[in-house]
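These notes are about the structure you will find just below.
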Amino acid sequence: MTLQITLFPSQGFCMGLSLHHAVADGKTVVKFLTSWAHICKHGAVPQDFDLPMVLDRTVVNVPAELEAKILQDKVRSVSLHPAAEEVEDLVKLTLELSHEDVEKLRERARRESTRSDLPHLSTFVVTYAYVLACVVKARGGEEEEEDRVVPFMYVADFRQRLDPPVPANYFGNCVLPINFYGYKATTFLGRDGFVNGVEILSDSIRGLSSRGAEESLWKLYEEGLKWAGPGTPKVIVAGSNRFGIYGSDFGWGRPVNTENISLTRNILFTMSERRDEIGGVEIGMCLKTCETDVFVSLFRNGL
């Protein structure tokens with residue numbers, strides 16, 4: 001983790017932060033930034049931020065035999081990831097779903113699903129499923145393309161799923177990768193592609209919440225390590241519409257815009273809340289030039 005502070009001659013400063021994901025997850029980073037913002041604006045430590053942060057890694061109850069595997073994986077990922085290189089023929093763009101759009105997607109999922117047991121229709125689930133279906137269709141719907149495997153992944157926060165729960169002021173990483181690697185493009189290409197995505201993600205999140213034995217969580221992590229290697233193409237979501245990044249007011253108002261600069265060729269997309277509306281979602285995308293127009297058309301027309 002590297003932190004750089006640049007002081008301006010008269011007043012003010014610029015803060016730069018670079019870190020490996022093993023050091024801190026998104027929730028920790030946003031809390032770190034919003035804490036700085038509060039202190040800059042008010043000149044005092046915020047009372048509702050659970051400060052000071054706890055750096056003690058032992059608060060995450062990891063089995064000893066698995067801890068070595070996690071460390072080995074993180075060291076391997078550092079050594080195997082070369083310096084970022086410019087990749088041509090990529091387009092980065094930002095799209096938005098209004099609160100009304102999200103409600104339309106939620107209602108569509110209820111209406112088109114043949115199941116009556118879809119309790120988890122969160123904003124995250126319907127947004128991810130919608131983007132996933134649009135991405136798969138934008139990449140090609142030819143007959144020979146239908147059998148291609150579409151791996152995708154999200155990360156789940158396990159702070160409240162461990163025993164004992166991890167303290168709210170923990171500074172570190174407490175997310176696990178949840179991988180899907182058995183679905184083919186045909187699952188998401190048809191008219192029911194969006195609903196299929198909703199059902200898959202809804203079942204997954206419900207399963208995480210209902211797991212009784214902590215050991216099964218670590219097995220889930222070990223399973224994810226097999227598919228999380230660098231260079232493995234998959235659809236990955238970063239960020240969260242619950243982080244509250246637009247609440248980082250350093251004293252001159254909320255951010256005008258926020259972006260995740262880690263978007264890569266790996267069809268990574270990001271989620272955050274919308275700046276000016278509660279319940280909406282801001283989506284950052286990274287697509288090949290040839291896919292961009294098709295994706296945007298599918299995204300807009302589908303609403």
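Within each chain, counting starts at residue 1; across the structure tokens, chains are named A, B, ... in the order shown, with ligands numbered 1 upward in that order.
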**OP:** Tell me which protein, DNA and RNA residues are within 10 Å of A:Thr123, counting only C-alpha atoms, leaving out same-chain ones fewer than 2 positions away, and put them as a ChimeraX atom specification.
**Re:** /A:99,102-103,105-106,120-121,125-128,241-242,279-281
**OP:** Would you please work out which residue, of A:Glu199, A:Val235, A:Val150, A:Thr94, is nearest to A:Thr258 when using only C-alpha atoms?
**Re:**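 Of all the options, A:Thr94 lies closest to A:Thr258.
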Contacts of A:Phe194 within 10 Å, only C-alpha atoms, excl. fewer than 2 positions in-chain, as a PDB file with N, CA and C atoms, in the first residue's frame:
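Full text of out_19.pdb as output:
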ATOM      1  N   LEU A 105     -36.910  -3.166 -13.877  1.00  0.00           N
ATOM      2  CA  LEU A 105     -36.204  -4.445 -13.996  1.00  0.00           C
ATOM      3  C   LEU A 105     -36.643  -5.423 -12.921  1.00  0.00           C
ATOM      4  N   ARG A 108     -40.007  -6.660 -13.894  1.00  0.00           N
ATOM      5  CA  ARG A 108     -39.875  -7.573 -15.035  1.00  0.00           C
ATOM      6  C   ARG A 108     -39.420  -8.953 -14.582  1.00  0.00           C
ATOM      7  N   ALA A 109     -38.489  -8.996 -13.629  1.00  0.00           N
ATOM      8  CA  ALA A 109     -38.004 -10.276 -13.115  1.00  0.00           C
ATOM      9  C   ALA A 109     -39.143 -11.049 -12.449  1.00  0.00           C
ATOM     10  N   GLU A 112     -41.648 -12.234 -15.366  1.00  0.00           N
ATOM     11  CA  GLU A 112     -41.202 -13.204 -16.354  1.00  0.00           C
ATOM     12  C   GLU A 112     -40.658 -14.498 -15.752  1.00  0.00           C
ATOM     13  N   SER A 113     -40.288 -14.482 -14.488  1.00  0.00           N
ATOM     14  CA  SER A 113     -39.781 -15.702 -13.869  1.00  0.00           C
ATOM     15  C   SER A 113     -40.922 -16.680 -13.616  1.00  0.00           C
ATOM     16  N   VAL A 126     -30.457  -7.257  -9.826  1.00  0.00           N
ATOM     17  CA  VAL A 126     -31.110  -6.957 -11.104  1.00  0.00           C
ATOM     18  C   VAL A 126     -30.175  -6.174 -12.025  1.00  0.00           C
ATOM     19  N   THR A 127     -29.308  -5.317 -11.457  1.00  0.00           N
ATOM     20  CA  THR A 127     -28.361  -4.565 -12.282  1.00  0.00           C
ATOM     21  C   THR A 127     -27.327  -5.501 -12.884  1.00  0.00           C
ATOM     22  N   TYR A 128     -26.748  -6.376 -12.061  1.00  0.00           N
ATOM     23  CA  TYR A 128     -25.733  -7.305 -12.548  1.00  0.00           C
ATOM     24  C   TYR A 128     -26.322  -8.202 -13.639  1.00  0.00           C
ATOM     25  N   ALA A 129     -27.499  -8.756 -13.392  1.00  0.00           N
ATOM     26  CA  ALA A 129     -28.119  -9.658 -14.361  1.00  0.00           C
ATOM     27  C   ALA A 129     -28.390  -8.946 -15.677  1.00  0.00           C
ATOM     28  N   TYR A 130     -28.802  -7.700 -15.598  1.00  0.00           N
ATOM     29  CA  TYR A 130     -29.111  -6.939 -16.811  1.00  0.00           C
ATOM     30  C   TYR A 130     -27.841  -6.655 -17.613  1.00  0.00           C
ATOM     31  N   VAL A 131     -26.787  -6.201 -16.930  1.00  0.00           N
ATOM     32  CA  VAL A 131     -25.522  -5.925 -17.610  1.00  0.00           C
ATOM     33  C   VAL A 131     -24.952  -7.206 -18.205  1.00  0.00           C
ATOM     34  N   LEU A 132     -24.998  -8.300 -17.452  1.00  0.00           N
ATOM     35  CA  LEU A 132     -24.467  -9.586 -17.918  1.00  0.00           C
ATOM     36  C   LEU A 132     -25.149 -10.024 -19.206  1.00  0.00           C
ATOM     37  N   ALA A 133     -26.481  -9.950 -19.233  1.00  0.00           N
ATOM     38  CA  ALA A 133     -27.219 -10.355 -20.432  1.00  0.00           C
ATOM     39  C   ALA A 133     -26.858  -9.473 -21.622  1.00  0.00           C
ATOM     40  N   CYS A 134     -26.732  -8.171 -21.399  1.00  0.00           N
ATOM     41  CA  CYS A 134     -26.376  -7.249 -22.487  1.00  0.00           C
ATOM     42  C   CYS A 134     -24.966  -7.508 -22.991  1.00  0.00           C
ATOM     43  N   THR A 187     -27.504 -19.436 -22.178  1.00  0.00           N
ATOM     44  CA  THR A 187     -28.301 -19.152 -20.974  1.00  0.00           C
ATOM     45  C   THR A 187     -28.749 -17.696 -20.939  1.00  0.00           C
ATOM     46  N   PHE A 188     -27.935 -16.811 -21.519  1.00  0.00           N
ATOM     47  CA  PHE A 188     -28.200 -15.376 -21.403  1.00  0.00           C
ATOM     48  C   PHE A 188     -28.547 -14.706 -22.734  1.00  0.00           C
ATOM     49  N   LEU A 189     -28.582 -15.475 -23.827  1.00  0.00           N
ATOM     50  CA  LEU A 189     -28.783 -14.878 -25.144  1.00  0.00           C
ATOM     51  C   LEU A 189     -30.249 -14.643 -25.489  1.00  0.00           C
ATOM     52  N   GLY A 190     -31.131 -15.488 -25.020  1.00  0.00           N
ATOM     53  CA  GLY A 190     -32.535 -15.374 -25.397  1.00  0.00           C
ATOM     54  C   GLY A 190     -33.264 -14.266 -24.655  1.00  0.00           C
ATOM     55  N   ARG A 191     -34.558 -14.182 -24.903  1.00  0.00           N
ATOM     56  CA  ARG A 191     -35.376 -13.164 -24.235  1.00  0.00           C
ATOM     57  C   ARG A 191     -35.372 -13.360 -22.722  1.00  0.00           C
ATOM     58  N   ASP A 192     -35.190 -14.615 -22.282  1.00  0.00           N
ATOM     59  CA  ASP A 192     -35.180 -14.903 -20.852  1.00  0.00           C
ATOM     60  C   ASP A 192     -33.770 -14.831 -20.251  1.00  0.00           C
ATOM     61  N   ASN A 196     -32.834 -15.367 -16.314  1.00  0.00           N
ATOM     62  CA  ASN A 196     -31.931 -16.451 -15.920  1.00  0.00           C
ATOM     63  C   ASN A 196     -30.813 -15.923 -15.041  1.00  0.00           C
ATOM     64  N   GLY A 197     -30.252 -14.770 -15.417  1.00  0.00           N
ATOM     65  CA  GLY A 197     -29.206 -14.158 -14.603  1.00  0.00           C
ATOM     66  C   GLY A 197     -29.694 -13.785 -13.220  1.00  0.00           C
ATOM     67  N   VAL A 198     -30.907 -13.233 -13.148  1.00  0.00           N
ATOM     68  CA  VAL A 198     -31.490 -12.864 -11.854  1.00  0.00           C
ATOM     69  C   VAL A 198     -31.627 -14.095 -10.963  1.00  0.00           C
ATOM     70  N   GLU A 199     -32.133 -15.180 -11.514  1.00  0.00           N
ATOM     71  CA  GLU A 199     -32.350 -16.392 -10.720  1.00  0.00           C
ATOM     72  C   GLU A 199     -31.032 -16.973 -10.224  1.00  0.00           C
ATOM     73  N   GLY A 302     -33.600  -2.219 -23.937  1.00  0.00           N
ATOM     74  CA  GLY A 302     -34.142  -3.178 -22.990  1.00  0.00           C
ATOM     75  C   GLY A 302     -34.930  -2.547 -21.862  1.00  0.00           C
TER      76      GLY A 302
END
Subject >> Between atom CA of A:Val23 and atom CA of A:Gln72 - distance in Å to one decimal >> reply: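 According to the coordinates, atom CA of A:Gln72 and atom CA of A:Val23 are separated by 14.2 Å.
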Subject >> Shortest interatomic distance to A:Leu201 - which of A:Ala156, A:Gly284, A:Arg274, A:Lys137, counting only C-alpha atoms >> reply: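 Checking each candidate against A:Leu201, we get A:Ala156 as the closest.
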Can you pull out every residue within 9 Å of A:His21, counting only C-alpha atoms, but drop anything in the same chain fewer than 4 positions away, and send it as a PDB file with all heavy atoms, in the first residue's frame?
ATOM      1  N   ASP A  25     -10.322  -4.018   1.025  1.00  0.00           N
ATOM      2  CA  ASP A  25     -11.393  -4.145   0.046  1.00  0.00           C
ATOM      3  C   ASP A  25     -12.064  -2.792  -0.164  1.00  0.00           C
ATOM      4  O   ASP A  25     -11.690  -1.788   0.440  1.00  0.00           O
ATOM      5  CB  ASP A  25     -12.399  -5.217   0.461  1.00  0.00           C
ATOM      6  CG  ASP A  25     -12.965  -4.980   1.860  1.00  0.00           C
ATOM      7  OD1 ASP A  25     -13.055  -3.809   2.287  1.00  0.00           O
ATOM      8  OD2 ASP A  25     -13.316  -5.970   2.535  1.00  0.00           O
ATOM      9  N   GLY A  26     -13.058  -2.780  -1.054  1.00  0.00           N
ATOM     10  CA  GLY A  26     -13.696  -1.523  -1.411  1.00  0.00           C
ATOM     11  C   GLY A  26     -14.328  -0.803  -0.242  1.00  0.00           C
ATOM     12  O   GLY A  26     -14.240   0.427  -0.131  1.00  0.00           O
ATOM     13  N   LYS A  74      -1.948 -14.648  -2.786  1.00  0.00           N
ATOM     14  CA  LYS A  74      -1.757 -13.206  -2.917  1.00  0.00           C
ATOM     15  C   LYS A  74      -0.346 -12.880  -3.395  1.00  0.00           C
ATOM     16  O   LYS A  74      -0.147 -11.984  -4.210  1.00  0.00           O
ATOM     17  CB  LYS A  74      -2.053 -12.502  -1.592  1.00  0.00           C
ATOM     18  CG  LYS A  74      -3.492 -12.635  -1.112  1.00  0.00           C
ATOM     19  CD  LYS A  74      -4.469 -12.218  -2.196  1.00  0.00           C
ATOM     20  CE  LYS A  74      -5.918 -12.409  -1.755  1.00  0.00           C
ATOM     21  NZ  LYS A  74      -6.867 -12.130  -2.857  1.00  0.00           N
ATOM     22  N   GLY A 172      -9.006  -3.680   6.357  1.00  0.00           N
ATOM     23  CA  GLY A 172      -8.420  -4.807   5.658  1.00  0.00           C
ATOM     24  C   GLY A 172      -9.355  -5.322   4.586  1.00  0.00           C
ATOM     25  O   GLY A 172     -10.245  -4.614   4.109  1.00  0.00           O
ATOM     26  N   ASN A 173      -9.160  -6.557   4.215  1.00  0.00           N
ATOM     27  CA  ASN A 173      -9.952  -7.204   3.187  1.00  0.00           C
ATOM     28  C   ASN A 173     -10.762  -8.319   3.830  1.00  0.00           C
ATOM     29  O   ASN A 173     -10.203  -9.170   4.520  1.00  0.00           O
ATOM     30  CB  ASN A 173      -9.035  -7.769   2.100  1.00  0.00           C
ATOM     31  CG  ASN A 173      -9.805  -8.302   0.908  1.00  0.00           C
ATOM     32  OD1 ASN A 173     -10.865  -8.890   1.052  1.00  0.00           O
ATOM     33  ND2 ASN A 173      -9.268  -8.106  -0.279  1.00  0.00           N
TER      34      ASN A 173
END
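For the pair atom CA of A:Asp203 and atom CA of A:Asp101, the interatomic distance is 22.5 Å.
Residue neighbourhood of A:Thr58, excluding near-sequence residues (fewer than 4 positions): Val54, Val62, Pro63, Ala64, Glu67, Pro164, Pro165, Val166, Pro167, Tyr170, Phe171, Gly172 and Cys174 of chain A, at 12 Å, using only C-alpha atoms.
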**OP:** Could you give me, as a ChimeraX atom specification, each residue of stretch 12-148 of chain A that DSSP assigns to alpha helix (DSSP H) when run on this structure's backbone?
**Re:** /A:26-42,64-80,99-112,123-138
Original post:
For A:Asp89, which residue out of A:Thr289, A:Asn61, A:Asn301, A:Asn260 is the nearest one, using only C-alpha atoms?
Top reply: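 Using only C-alpha atoms, the shortest distance to A:Asp89 belongs to A:Thr289.
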